[in-house]
Amino acid sequence: QVQLVESGGGLVQPGGSLRLSCVASGIIFSSNIMDWYRQAPGKEREWVARIFTTGNTYYADSVKGRFTLSRDNAKNTGYLQMNSLKPEDTAVYYCKTWTSRQSYWGQGTQVTVSS
């Protein structure tokens, strides 16, 4: 059974930093691309970033230069380092991966940026 578990969310002041983690089980993590999404209150879920199996990364324009993805295949874990956080980054953050059969989502972790 594939499971993704996010952690690391919380309350942070504008300009602060957080690091989110996504631990995967039930899959060969090193063979899977991982996406991060977020959903703010009253808004649709939006794509944030992607990390390929090679370690190459892509980011939404809204987070480029502030967020950094990494992965530790030995720990089956992906990381989203978020710096220079803004109030508009407030959302529930989700990690996602997929196989040829289906997609898998974590349960989400709340990030709140507020003074």
# chains A, B, ... in the order shown; residues from 1 in each chain; ligands from 1
>>> select_by_dssp(residues="chain A", states="helix (DSSP H, G or I)", output="MDAnalysis selection string")
chainID A and resid 29:31 73:75 87:89
>>> residues_around(residues="Thr97 of chain A", least_positions_apart="2", cutoff="12 Å", atoms="only C-alpha atoms", output="number ranges by chain")
A: 2-5, 22-37, 50-53, 77-78, 94-95, 99-106
>>> closest_residue(among="A:Gln13, A:Thr57, A:Ser7, A:Ser21", to="Leu80 of chain A", atoms="only C-alpha atoms")
A:Ser21
>>> atom_distance(atom1="atom CA of Gly16 of chain A", atom2="atom CA of Arg38 of chain A")
17.9 Å
>>> atom_distance(atom1="atom CA of Ala40 of chain A", atom2="atom CA of Ser70 of chain A")
23.2 Å
>>> select_by_dssp(residues="segment 15-87 of chain A", states="strand (DSSP E or B)", output="PyMOL selection string")
chain A and resi 18-25+34-39+46-51+57-59+67-72+77-82
>>> closest_residue(among="A:Phe67, A:Tyr59, A:Trp47, A:Tyr93", to="Gly9 of chain A", atoms="only C-alpha atoms")
A:Tyr93
>>> closest_residue(among="A:Gly108, A:Gly42, A:Gly10, A:Gly15", to="Arg66 of chain A", atoms="only C-alpha atoms")
A:Gly15
>>> atom_distance(atom1="atom CA of Val63 of chain A", atom2="atom CA of Met82 of chain A")
8.5 Å
